[in-house]
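Colleague: As input, take protein27.cif (mmCIF, C-alpha atoms):
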```cif
data_start
#
loop_
_atom_site.label_atom_id
_atom_site.label_comp_id
_atom_site.auth_asym_id
_atom_site.auth_seq_id
_atom_site.Cartn_x
_atom_site.Cartn_y
_atom_site.Cartn_z
CA MET H 255 0.00 0.34 22.54
CA ASN H 256 -0.30 -2.73 24.72
CA VAL H 257 -3.83 -3.84 25.41
CA ASN H 258 -4.05 -6.50 28.08
CA SER H 259 -7.24 -8.13 29.12
CA GLU H 260 -8.45 -5.42 31.47
CA ILE H 261 -9.22 -1.95 30.15
CA TYR H 262 -9.09 -0.12 26.86
CA SER H 263 -11.02 2.79 25.38
CA LEU H 264 -12.57 3.35 21.97
CA SER H 265 -13.74 6.58 20.39
CA VAL H 266 -17.24 5.92 19.04
CA ASN H 267 -19.32 8.73 17.51
CA GLY H 268 -16.97 11.28 19.04
CA LYS H 269 -17.27 9.94 22.56
CA MET H 270 -14.80 7.79 24.52
CA HIS H 271 -16.16 4.45 25.69
CA GLU H 272 -14.29 2.24 28.13
CA VAL H 273 -14.17 -1.53 27.83
CA ARG H 274 -13.58 -3.38 31.09
CA ASP H 275 -13.21 -7.02 32.04
CA SER H 276 -13.55 -8.25 28.48
CA TRP H 277 -11.85 -10.87 26.38
CA VAL H 278 -9.66 -8.71 24.11
CA GLY H 279 -10.29 -10.87 21.04
CA GLU H 280 -13.86 -9.62 20.78
CA SER H 281 -14.99 -8.13 17.49
CA LEU H 282 -15.87 -4.47 17.28
CA LEU H 283 -19.42 -5.52 16.34
CA TYR H 284 -19.81 -7.40 19.62
CA VAL H 285 -18.32 -4.58 21.66
CA LEU H 286 -20.56 -1.95 20.03
CA ARG H 287 -23.73 -3.92 20.60
CA GLU H 288 -23.14 -5.76 23.84
CA ARG H 289 -20.82 -3.45 25.76
CA PHE H 290 -21.61 0.05 24.46
CA ASN H 291 -25.35 -0.49 24.02
CA LEU H 292 -25.26 0.68 20.40
CA PRO H 293 -27.51 -1.90 18.73
CA GLY H 294 -27.95 -0.02 15.42
CA THR H 295 -25.04 -1.95 13.95
CA LYS H 296 -26.42 -5.38 13.06
CA GLY H 297 -24.71 -8.73 13.15
CA ALA H 298 -25.72 -11.50 10.78
CA CYS H 299 -22.97 -13.47 9.11
CA GLU H 300 -19.97 -12.49 11.26
CA GLN H 301 -17.69 -13.25 8.34
CA GLY H 302 -17.73 -10.04 6.30
CA GLU H 303 -20.22 -11.31 3.73
CA CYS H 304 -23.40 -9.38 4.50
CA GLY H 305 -22.38 -5.80 5.33
CA SER H 306 -25.09 -5.33 7.98
CA CYS H 307 -22.37 -4.45 10.52
CA THR H 308 -20.82 -1.69 8.35
CA VAL H 309 -19.25 1.18 10.32
CA ILE H 310 -16.83 3.95 9.38
CA ILE H 311 -13.35 3.77 10.89
CA ASP H 312 -11.01 6.68 10.17
CA GLY H 313 -13.06 7.56 7.11
CA GLN H 314 -13.24 4.03 5.67
CA ALA H 315 -16.31 1.80 5.49
CA VAL H 316 -15.46 -1.56 7.08
CA CYS H 317 -17.24 -4.60 8.47
CA SER H 318 -17.11 -4.21 12.25
CA CYS H 319 -17.32 -8.00 12.68
CA LEU H 320 -13.87 -8.25 11.08
CA VAL H 321 -12.21 -5.66 13.32
CA MET H 322 -10.70 -6.86 16.56
CA ALA H 323 -12.06 -4.14 18.84
CA ALA H 324 -8.87 -3.75 20.87
CA THR H 325 -6.91 -2.91 17.70
CA ALA H 326 -9.22 0.06 17.00
CA ILE H 327 -7.85 2.13 19.89
CA ASP H 328 -7.03 5.71 18.82
CA SER H 329 -9.31 5.36 15.81
CA ASP H 330 -12.39 7.44 14.99
CA ILE H 331 -15.31 4.99 14.87
CA ARG H 332 -18.67 6.15 13.49
CA THR H 333 -21.79 3.99 13.66
CA VAL H 334 -25.27 4.39 12.18
CA GLU H 335 -26.30 6.10 15.42
CA SER H 336 -24.13 9.10 14.50
CA ILE H 337 -25.78 9.69 11.13
CA SER H 338 -28.78 11.49 12.53
CA ALA H 339 -27.76 12.33 16.06
CA ASP H 340 -30.71 14.70 16.64
CA GLY H 341 -33.35 12.26 15.38
CA THR H 342 -34.14 14.13 12.15
CA LEU H 343 -33.93 11.77 9.20
CA THR H 344 -31.23 12.52 6.65
CA GLU H 345 -32.13 12.60 2.93
CA VAL H 346 -30.88 9.02 2.62
CA GLN H 347 -32.87 7.74 5.60
CA ASP H 348 -35.98 9.59 4.48
CA ALA H 349 -35.71 8.25 0.94
CA PHE H 350 -35.41 4.70 2.29
CA VAL H 351 -38.76 5.20 4.03
CA THR H 352 -40.63 6.95 1.22
CA GLU H 353 -39.29 4.75 -1.60
CA GLY H 354 -39.91 1.47 0.23
CA GLY H 355 -36.23 0.65 0.61
CA VAL H 356 -36.97 -0.75 4.06
CA GLN H 357 -38.81 -4.03 4.30
CA CYS H 358 -37.68 -6.28 7.14
CA GLY H 359 -35.14 -3.57 7.96
CA PHE H 360 -32.28 -5.74 9.09
CA CYS H 361 -29.86 -4.68 6.36
CA THR H 362 -30.96 -1.03 6.49
CA PRO H 363 -28.42 0.37 8.98
CA GLY H 364 -25.51 -1.15 7.06
CA LEU H 365 -26.90 0.15 3.76
CA VAL H 366 -27.51 3.61 5.18
CA VAL H 367 -23.91 3.78 6.44
CA ALA H 368 -22.55 2.54 3.10
CA ILE H 369 -24.67 4.98 1.06
CA GLU H 370 -23.97 7.99 3.31
CA HIS H 371 -20.27 7.10 2.95
CA LEU H 372 -20.58 6.95 -0.85
CA LEU H 373 -22.43 10.28 -1.05
CA SER H 374 -19.90 11.95 1.24
CA GLN H 375 -17.24 11.19 -1.38
CA ASN H 376 -19.32 11.34 -4.55
CA SER H 377 -22.43 13.51 -4.48
CA ASP H 378 -23.69 12.35 -7.90
CA PRO H 379 -22.74 8.68 -8.35
CA SER H 380 -23.49 6.74 -11.51
CA GLU H 381 -25.62 3.60 -11.38
CA ILE H 382 -22.55 1.35 -11.47
CA GLU H 383 -20.89 3.38 -8.70
CA VAL H 384 -23.95 2.90 -6.50
CA LYS H 385 -24.00 -0.82 -7.29
CA GLU H 386 -20.34 -1.19 -6.42
CA ALA H 387 -20.68 0.87 -3.24
CA ILE H 388 -23.39 -1.41 -1.86
CA SER H 389 -22.07 -4.65 -3.38
CA GLY H 390 -20.98 -5.70 0.09
CA ASN H 391 -24.44 -5.17 1.63
CA ILE H 392 -26.87 -8.02 1.22
CA CYS H 393 -30.65 -7.44 1.27
CA ARG H 394 -32.92 -10.47 0.98
CA CYS H 395 -36.24 -8.61 0.82
CA THR H 396 -36.26 -5.76 -1.65
CA GLY H 397 -34.42 -7.17 -4.63
CA TYR H 398 -32.43 -3.89 -4.44
CA GLY H 399 -34.69 -2.03 -6.93
CA ARG H 400 -36.27 0.12 -4.26
CA ILE H 401 -32.90 0.71 -2.63
CA PHE H 402 -31.50 2.07 -5.91
CA GLU H 403 -34.61 4.26 -6.20
CA ALA H 404 -34.01 5.50 -2.66
CA VAL H 405 -30.43 6.45 -3.55
CA ASP H 406 -31.63 8.29 -6.67
CA LYS H 407 -34.17 10.20 -4.63
CA ALA H 408 -31.66 11.05 -1.89
CA VAL H 409 -29.24 12.36 -4.51
CA SER H 410 -31.86 14.59 -6.13
CA VAL H 411 -33.19 15.89 -2.81
CA ARG H 412 -29.66 16.70 -1.68
CA LYS H 413 -29.07 18.55 -4.96
CA ALA H 414 -32.32 20.48 -4.60
CA ASN H 415 -31.54 21.39 -1.00
CA LYS H 416 -28.16 22.78 -2.00
CA THR H 417 -29.53 25.15 -4.64
CA MET Y 134 -4.69 -12.84 25.94
CA SER Y 135 -2.87 -9.68 24.91
CA VAL Y 136 -3.14 -7.38 21.88
CA LEU Y 137 -0.25 -5.21 20.76
CA VAL Y 138 -0.87 -2.30 18.39
CA PRO Y 139 2.58 -1.06 17.31
CA ARG Y 140 2.80 2.19 15.31
CA THR Y 141 6.16 1.62 13.63
CA LEU Y 142 7.71 -1.33 11.83
CA LYS Y 143 10.57 -1.25 14.32
CA ASP Y 144 8.16 -1.67 17.23
CA ALA Y 145 6.30 -4.43 15.39
CA LEU Y 146 9.54 -6.31 14.70
CA GLN Y 147 10.63 -5.97 18.32
CA ALA Y 148 7.25 -7.26 19.44
CA ILE Y 149 7.42 -10.35 17.22
CA SER Y 150 11.04 -10.90 18.22
CA ALA Y 151 10.03 -10.94 21.89
CA ASN Y 152 7.16 -13.33 21.13
CA PRO Y 153 7.96 -15.14 17.85
CA SER Y 154 4.84 -17.29 17.86
CA ALA Y 155 2.44 -14.37 18.38
CA GLN Y 156 -0.49 -14.21 15.96
CA LEU Y 157 -0.14 -11.40 13.40
CA ILE Y 158 -3.29 -9.64 12.20
CA GLN Y 159 -3.46 -7.09 9.37
CA GLY Y 160 -6.95 -6.34 7.98
CA GLY Y 161 -8.60 -9.13 9.95
CA THR Y 162 -10.77 -10.34 7.07
CA ASP Y 163 -9.50 -13.92 7.41
CA LEU Y 164 -8.45 -14.21 11.06
CA MET Y 165 -11.51 -12.57 12.60
CA VAL Y 166 -13.80 -15.03 10.82
CA GLU Y 167 -11.95 -17.88 12.53
CA ILE Y 168 -12.09 -16.09 15.87
CA ASN Y 169 -15.81 -15.22 15.51
CA PHE Y 170 -16.61 -18.87 14.85
CA ASN Y 171 -14.37 -20.13 17.67
CA HIS Y 172 -12.12 -21.96 15.24
CA ARG Y 173 -9.12 -20.17 16.64
CA LYS Y 174 -8.42 -18.52 19.96
CA PRO Y 175 -5.03 -16.81 19.81
CA THR Y 176 -3.15 -16.07 23.02
CA ASP Y 177 -1.13 -13.09 21.88
CA VAL Y 178 -1.92 -10.89 18.92
CA ILE Y 179 0.20 -8.26 17.19
CA ALA Y 180 -1.99 -5.98 15.06
CA LEU Y 181 -0.22 -4.42 12.08
CA ARG Y 182 -3.05 -2.16 10.88
CA ARG Y 183 -1.50 1.00 12.35
CA VAL Y 184 1.99 0.48 10.90
CA ASP Y 185 2.07 3.03 8.07
CA GLU Y 186 5.42 1.76 6.74
CA LEU Y 187 3.62 -1.42 5.67
CA LYS Y 188 1.31 0.65 3.45
CA SER Y 189 4.00 2.25 1.31
CA VAL Y 190 4.35 1.97 -2.46
CA TYR Y 191 7.75 2.44 -4.06
CA ILE Y 192 8.10 2.67 -7.82
CA ASP Y 193 11.66 2.09 -8.96
CA ALA Y 194 11.72 3.32 -12.56
CA LYS Y 195 15.39 2.40 -13.05
CA LYS Y 196 14.90 -1.22 -12.06
CA SER Y 197 11.45 -1.21 -13.62
CA GLN Y 198 9.80 -2.63 -10.53
CA VAL Y 199 7.21 -1.76 -7.91
CA THR Y 200 7.45 -2.62 -4.22
CA ILE Y 201 4.11 -2.71 -2.43
CA GLY Y 202 3.81 -2.71 1.34
CA ALA Y 203 2.22 -5.86 2.72
CA GLY Y 204 -0.45 -3.86 4.54
CA LEU Y 205 -1.63 -1.66 1.66
CA PRO Y 206 -5.41 -2.14 1.35
CA TYR Y 207 -6.68 -3.51 -1.97
CA GLN Y 208 -8.75 -0.35 -2.35
CA GLN Y 209 -5.49 1.55 -2.96
CA MET Y 210 -4.53 -0.76 -5.84
CA GLU Y 211 -7.69 -0.35 -7.90
CA HIS Y 212 -6.67 3.01 -9.38
CA GLY Y 213 -3.61 5.24 -9.66
CA GLU Y 214 0.00 4.24 -10.05
CA ILE Y 215 -0.38 0.54 -9.25
CA ALA Y 216 -3.20 0.21 -11.78
CA GLN Y 217 -1.02 1.99 -14.32
CA TYR Y 218 2.09 -0.16 -13.85
CA ILE Y 219 0.54 -3.51 -12.84
CA PRO Y 220 -2.95 -3.55 -14.35
CA ALA Y 221 -3.50 -7.24 -13.56
CA LEU Y 222 -3.07 -6.48 -9.86
CA ALA Y 223 -5.60 -3.64 -10.09
CA GLN Y 224 -8.08 -6.01 -11.73
CA ALA Y 225 -7.50 -8.66 -9.08
CA ALA Y 226 -7.85 -6.05 -6.32
CA ARG Y 227 -11.21 -4.97 -7.72
CA THR Y 228 -12.55 -8.52 -7.52
CA VAL Y 229 -11.74 -8.89 -3.83
CA GLY Y 230 -14.89 -9.06 -1.67
CA SER Y 231 -16.68 -5.72 -1.40
CA PRO Y 232 -15.64 -2.12 -0.65
CA GLN Y 233 -15.71 -2.98 3.07
CA ILE Y 234 -13.31 -5.90 2.51
CA ARG Y 235 -11.09 -3.98 0.10
CA SER Y 236 -10.55 -1.21 2.62
CA ALA Y 237 -9.15 -3.80 5.06
CA GLY Y 238 -7.67 -6.69 3.04
CA SER Y 239 -4.07 -6.63 1.82
CA ILE Y 240 -1.48 -8.64 -0.09
CA GLY Y 241 0.26 -9.38 3.22
CA GLY Y 242 -2.95 -10.97 4.43
CA ASN Y 243 -3.34 -13.04 1.24
CA LEU Y 244 0.26 -14.22 1.65
CA GLY Y 245 -0.11 -14.89 5.36
CA THR Y 246 -3.28 -16.93 4.89
CA CYS Y 247 -1.91 -18.50 1.70
CA SER Y 248 -5.27 -19.80 0.51
CA PRO Y 249 -5.13 -21.03 -3.11
CA ALA Y 250 -8.15 -18.77 -3.72
CA GLY Y 251 -6.35 -15.58 -2.61
CA ASP Y 252 -7.00 -13.10 -5.42
CA ALA Y 253 -3.61 -11.35 -5.45
CA LEU Y 254 -1.62 -14.57 -5.49
CA PRO Y 255 -2.03 -15.57 -9.18
CA VAL Y 256 -0.83 -12.07 -10.12
CA LEU Y 257 2.23 -12.39 -7.88
CA SER Y 258 2.88 -15.82 -9.38
CA ALA Y 259 2.52 -14.78 -13.03
CA LEU Y 260 4.86 -11.83 -12.46
CA ASP Y 261 7.42 -13.90 -10.50
CA ALA Y 262 7.11 -11.53 -7.55
CA THR Y 263 9.50 -11.69 -4.64
CA ILE Y 264 8.39 -11.56 -1.02
CA ASN Y 265 10.35 -9.43 1.44
CA LEU Y 266 10.41 -10.63 5.04
CA GLN Y 267 12.06 -9.07 8.10
CA THR Y 268 12.94 -10.00 11.63
CA ALA Y 269 14.19 -7.57 14.27
CA ASP Y 270 17.77 -7.99 13.01
CA SER Y 271 17.65 -9.51 9.55
CA SER Y 272 15.81 -9.47 6.27
CA ARG Y 273 15.41 -11.88 3.37
CA THR Y 274 13.74 -12.02 0.01
CA ILE Y 275 12.27 -15.17 -1.47
CA ALA Y 276 10.48 -16.06 -4.68
CA ILE Y 277 6.69 -16.29 -4.50
CA HIS Y 278 6.66 -20.00 -5.36
CA ASP Y 279 9.17 -20.74 -2.61
CA PHE Y 280 6.96 -18.80 -0.22
CA MET Y 281 3.70 -20.64 -0.98
CA VAL Y 282 4.27 -24.11 0.45
CA GLY Y 283 0.79 -25.65 0.45
CA VAL Y 284 -2.86 -25.09 1.32
CA LYS Y 285 -2.77 -22.29 3.88
CA ARG Y 286 0.92 -22.95 4.50
CA ASN Y 287 3.79 -20.60 3.73
CA ALA Y 288 7.50 -20.21 4.36
CA ARG Y 289 7.22 -17.42 6.92
CA GLN Y 290 9.31 -18.32 9.98
CA PRO Y 291 8.40 -17.52 13.60
CA GLY Y 292 9.65 -14.02 14.39
CA GLU Y 293 9.28 -12.82 10.79
CA ILE Y 294 6.92 -10.20 9.36
CA ILE Y 295 5.98 -10.08 5.66
CA VAL Y 296 6.85 -6.47 4.88
CA SER Y 297 6.35 -6.12 1.13
CA THR Y 298 6.32 -7.70 -2.29
CA THR Y 299 8.31 -6.61 -5.33
CA LEU Y 300 6.81 -6.96 -8.81
CA PRO Y 301 8.37 -6.17 -12.20
CA ILE Y 302 6.85 -3.60 -14.56
CA VAL Y 303 6.24 -5.59 -17.75
CA SER Y 304 5.55 -4.21 -21.20
CA GLY Y 305 2.58 -6.02 -22.75
CA TRP Y 306 -1.03 -6.96 -21.99
CA GLN Y 307 -1.85 -8.44 -18.60
CA GLY Y 308 -5.09 -9.32 -16.88
CA TYR Y 309 -6.83 -11.22 -14.12
CA ALA Y 310 -10.19 -12.95 -14.26
CA LYS Y 311 -12.09 -15.18 -11.90
CA VAL Y 312 -15.24 -17.25 -11.78
CA GLY Y 313 -17.59 -17.19 -8.81
CA VAL Y 314 -21.28 -17.56 -8.11
CA ARG Y 315 -21.91 -13.81 -8.15
CA ASN Y 316 -20.01 -10.67 -9.14
CA ALA Y 317 -19.26 -9.14 -5.74
CA MET Y 318 -18.38 -10.63 -2.40
CA VAL Y 319 -17.32 -13.99 -3.69
CA ILE Y 320 -14.43 -16.36 -3.14
CA SER Y 321 -12.88 -17.63 -6.37
CA VAL Y 322 -14.11 -20.93 -7.75
CA ALA Y 323 -11.29 -20.64 -10.28
CA SER Y 324 -9.07 -17.74 -11.28
CA CYS Y 325 -6.39 -16.95 -13.82
CA CYS Y 326 -3.75 -14.29 -14.38
CA LEU Y 327 -2.17 -13.94 -17.81
CA VAL Y 328 0.83 -11.71 -18.51
CA VAL Y 329 2.38 -11.16 -21.94
CA ASP Y 330 5.94 -9.86 -21.92
CA ARG Y 331 6.37 -8.29 -25.36
CA THR Y 332 10.00 -7.33 -24.69
CA ASN Y 333 11.16 -10.87 -24.01
CA GLY Y 334 8.54 -12.64 -26.13
CA THR Y 335 7.21 -14.72 -23.24
CA ILE Y 336 3.86 -15.39 -21.62
CA ALA Y 337 3.01 -16.32 -18.03
CA VAL Y 338 -0.20 -18.00 -16.90
CA ALA Y 339 -1.00 -18.58 -13.23
CA LEU Y 340 -4.11 -20.35 -11.92
CA GLY Y 341 -5.84 -19.90 -8.56
CA ALA Y 342 -8.20 -22.20 -6.64
CA VAL Y 343 -7.36 -25.21 -8.82
CA GLY Y 344 -4.55 -26.74 -6.74
CA PRO Y 345 -2.98 -26.71 -3.26
CA THR Y 346 -1.26 -23.42 -4.11
CA ILE Y 347 -1.19 -21.18 -7.17
CA ILE Y 348 -0.19 -23.15 -10.29
CA ARG Y 349 2.13 -21.72 -12.94
CA CYS Y 350 1.50 -23.34 -16.32
CA ARG Y 351 5.14 -23.40 -17.36
CA GLU Y 352 4.81 -26.16 -19.95
CA THR Y 353 1.99 -24.38 -21.75
CA GLU Y 354 3.86 -21.08 -21.54
CA SER Y 355 6.95 -22.41 -23.32
CA TRP Y 356 4.81 -24.38 -25.80
CA LEU Y 357 2.91 -21.22 -26.82
CA ALA Y 358 6.14 -19.24 -27.14
CA SER Y 359 7.37 -21.89 -29.58
CA GLN Y 360 4.16 -21.64 -31.65
CA ILE Y 361 3.79 -17.86 -32.07
CA ASP Y 362 5.97 -14.79 -31.84
CA LEU Y 363 4.91 -13.20 -28.56
CA LYS Y 364 6.94 -10.07 -29.25
CA THR Y 365 4.22 -8.97 -31.66
CA LYS Y 366 0.45 -9.31 -31.71
CA ALA Y 367 0.33 -12.54 -33.66
CA THR Y 368 -2.96 -13.97 -34.86
CA VAL Y 369 -3.96 -16.96 -32.76
CA SER Y 370 -5.84 -19.51 -34.86
CA PRO Y 371 -8.95 -21.15 -33.36
CA ASN Y 372 -7.14 -24.50 -33.25
CA LEU Y 373 -4.15 -23.02 -31.46
CA LEU Y 374 -6.43 -21.24 -29.01
CA GLN Y 375 -8.28 -24.49 -28.28
CA GLU Y 376 -5.05 -26.38 -27.70
CA PHE Y 377 -3.82 -23.57 -25.44
CA GLY Y 378 -6.97 -23.92 -23.32
CA ASP Y 379 -6.69 -27.72 -23.22
CA ARG Y 380 -3.08 -27.53 -22.09
CA ILE Y 381 -3.94 -25.01 -19.38
CA ALA Y 382 -6.73 -27.29 -18.14
CA ASN Y 383 -4.30 -30.23 -18.07
CA GLU Y 384 -1.86 -28.32 -15.88
CA SER Y 385 -4.55 -27.49 -13.32
CA LYS Y 386 -5.05 -29.87 -10.38
CA PRO Y 387 -8.53 -29.06 -9.05
CA ILE Y 388 -10.58 -30.97 -6.51
CA ASP Y 389 -14.29 -31.35 -5.77
CA ASP Y 390 -15.28 -29.32 -2.71
CA HIS Y 391 -18.18 -27.32 -1.29
CA ARG Y 392 -17.52 -24.48 -3.71
CA SER Y 393 -17.40 -26.37 -7.02
CA THR Y 394 -16.32 -29.53 -8.81
CA ALA Y 395 -12.97 -30.44 -10.29
CA ALA Y 396 -14.50 -30.86 -13.75
CA TYR Y 397 -16.09 -27.40 -13.70
CA ARG Y 398 -12.90 -25.76 -12.46
CA ARG Y 399 -10.81 -27.46 -15.14
CA HIS Y 400 -13.24 -26.15 -17.76
CA ALA Y 401 -13.33 -22.68 -16.18
CA VAL Y 402 -9.56 -22.12 -16.23
CA SER Y 403 -9.44 -23.19 -19.86
CA VAL Y 404 -12.13 -20.62 -20.76
CA LEU Y 405 -10.52 -17.87 -18.68
CA ALA Y 406 -7.07 -18.44 -20.17
CA ARG Y 407 -8.39 -18.55 -23.75
CA ARG Y 408 -10.46 -15.42 -23.18
CA MET Y 409 -7.48 -13.51 -21.83
CA LEU Y 410 -5.12 -14.66 -24.59
CA THR Y 411 -7.69 -13.37 -27.08
CA ARG Y 412 -7.89 -10.04 -25.26
CA ALA Y 413 -4.10 -9.82 -25.16
CA ASN Y 414 -3.94 -10.11 -28.93
CA ASN Y 415 -6.82 -7.74 -29.64
CA GLN Y 416 -5.50 -4.81 -27.64
#
```
Just give me the structure as structure tokens.
Modeller:
Amino acid sequence: MNVNSEIYSLSVNGKMHEVRDSWVGESLLYVLRERFNLPGTKGACEQGECGSCTVIIDGQAVCSCLVMAATAIDSDIRTVESISADGTLTEVQDAFVTEGGVQCGFCTPGLVVAIEHLLSQNSDPSEIEVKEAISGNICRCTGYGRIFEAVDKAVSVRKANKT
Amino acid sequence: MSVLVPRTLKDALQAISANPSAQLIQGGTDLMVEINFNHRKPTDVIALRRVDELKSVYIDAKKSQVTIGAGLPYQQMEHGEIAQYIPALAQAARTVGSPQIRSAGSIGGNLGTCSPAGDALPVLSALDATINLQTADSSRTIAIHDFMVGVKRNARQPGEIIVSTTLPIVSGWQGYAKVGVRNAMVISVASCCLVVDRTNGTIAVALGAVGPTIIRCRETESWLASQIDLKTKATVSPNLLQEFGDRIANESKPIDDHRSTAAYRRHAVSVLARRMLTRANNQ
């Protein structure tokens, strides 16, 4: 339970990653991007406002910029890279492309993580539930309309695929 | 620098006892911002996020009170038992940040940071909550207003951990409302918690972000109780409602800052308090 400045390990996307010779106050966002070479998680505000660094820790969506990486030992960390490990787009990712939910693309990984997390708990969310689920993810390009359309499409495609 | 990640409250208390000035971190939503921006560089950190005992909820039906662990995430207060017994706290919890923040932030963090804009704090104030603190070999309980000392200052002593808060279950309408520049992911410009206690015929109004700490409007509370019978749903005349709002505004002590102006905040708390008193008497 004691992490001193030398070595600790984090479980990211089911794989153990070792952190060496770091300053142990580093945020999980920094460690993911700069030490583990997982640049899918984006950093913008570094104060929990924008949601572009959203990851899943032990089943909860959190801002990785607000997690001190060394305190996430023995936790299951999932990043956007784990969502489509084989390179095939999920329904959510595909709908983002076809519905124009991606413009500059910077917020997209955080939104994809947040929406996949929502749909994993609620396969048919109402409009307000979608709005609340992505209320912590800021997009400055789309005006959100096309993102809501992408969620609607992903939900219907998932339904169709199940039947 | 060192980081300790204890798994039990006992281990956490021993760790803080061995290093009383160590920096405590719960959800990280306040502290990590300061660290990310190089405003603070702690030497030793004790992380409480893995201490499950700090996430407990205990409902004492006999004493009619609820004890909430300091580390329970706000997400867990939005629905279920806490929302049923302390609806104002559930409303306040729902206004905190975003889902990502609510799965990390906690009452212990709001108390530890002690910002006047902390969303849970007006609820704790209006309900006269008590704060339970522990050291490795002692424990104490203090009233919320003795705990909040000033802007980002509290009565926690070195070596102590905030373990929980105890709130009474009150019969009557209660609510929390805040004003900010957008609906989600916003720090309060002004906030208000109003609690009507129908059993005792009293009302409590607490204001956030309009003073160095949370402000309880005790003069207005006793004035209103002398004007109408709070044990029943009395009709509040427009004149009485206006005077109620004016008195609330007079008890606030806002300042101009980067988030808003004193004049706007004074107006906002008056509107919020009047709105909630109206709701209390319509439901």
Colleague: Applied to this file, what does the PyMOL selection byres ((chain Y and resi 159) around 8) return in terms of residues, put as a list in words?
Modeller: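 What the PyMOL selection byres ((chain Y and resi 159) around 8) grabs from the file is Leu157, Ile158, Gly160, Gly161, Ala180, Leu181, Arg182, Gly204, Ala237, Gly238, Ser239, Gly241 and Gly242 of chain Y.
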Colleague: (2.7, -20.4, -12.9) in this file's frame - what residues fall within 8 Å of it? Use only C-alpha atoms and give the answer as a list in words.
Modeller: Pro255, Ser258, Ala259, Ala337, Val338, Ala339, Leu340, Ile347, Ile348, Arg349, Cys350 and Arg351 of chain Y
Colleague: Would you kindly return, as number ranges by chain, each protein, DNA or RNA residue with an atom no farther than 12 Å from any atom of Thr299 of chain Y, considering all atoms listed in the file and excluding same-chain residues fewer than 2 positions away?
Modeller: Y: 189-193, 196-203, 215, 219, 240, 256-258, 260-266, 274-277, 295-297, 301-302
Colleague: Pull out every residue that the PyMOL selection byres ((chain Y) within 8 of (chain H)) matches in the shown coordinates and put them as a VMD selection string.
Modeller: chain Y and resid 134 to 140 160 to 162 165 to 166 168 to 169 174 180 182 230 to 234 236 to 237 317 to 318
Colleague: Residues at most 10 Å from segment 264-268 of chain H, counting all atoms listed in the file, excluding those fewer than 2 positions away in the same chain, as a ChimeraX atom specification?
Modeller: /H:262,270-273,282,285-286,290,292,310-311,323-337,339
Colleague: Quick one: everything within 12 Å of Tyr398 of chain H, counting all atoms listed in the file, minus sequence neighbours fewer than 6 positions away in the same chain. Send it as number ranges by chain.
Modeller: H: 350, 353-357, 361-362, 365, 384-385, 388-389, 391-392, 404-405
Colleague: Hey, can you check how far atom CA of Arg392 of chain Y sits from atom CA of Val319 of chain Y?
Modeller: 10.5 Å
Colleague: Go through the shown structure with the PyMOL selection byres ((chain Y and resi 354) around 12) and write out the matching residues as an MDAnalysis selection string.
Modeller: chainID Y and resid 259 327:330 334:339 349:353 355:361 363 377:378 380:381 384 406 410
Colleague: Between atom CA of Thr141 of chain Y and atom CA of Leu205 of chain Y, what is the distance, to one decimal in Å?
Modeller: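 Answer for the atom CA of Thr141 of chain Y to atom CA of Leu205 of chain Y separation: 14.7 Å.
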Colleague: Rounded to one decimal in Å, what is the spacing between atom CA of Ala401 of chain Y and atom CA of Cys247 of chain Y?
Modeller: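 Atom CA of Cys247 of chain Y lies at a distance of 21.6 Å from atom CA of Ala401 of chain Y.
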Colleague: Smallest atom-to-atom distance to Arg289 of chain H: which of H:Leu372, H:Cys307, H:Ser276, H:Ile261, using only C-alpha atoms?
Modeller: H:Ser276
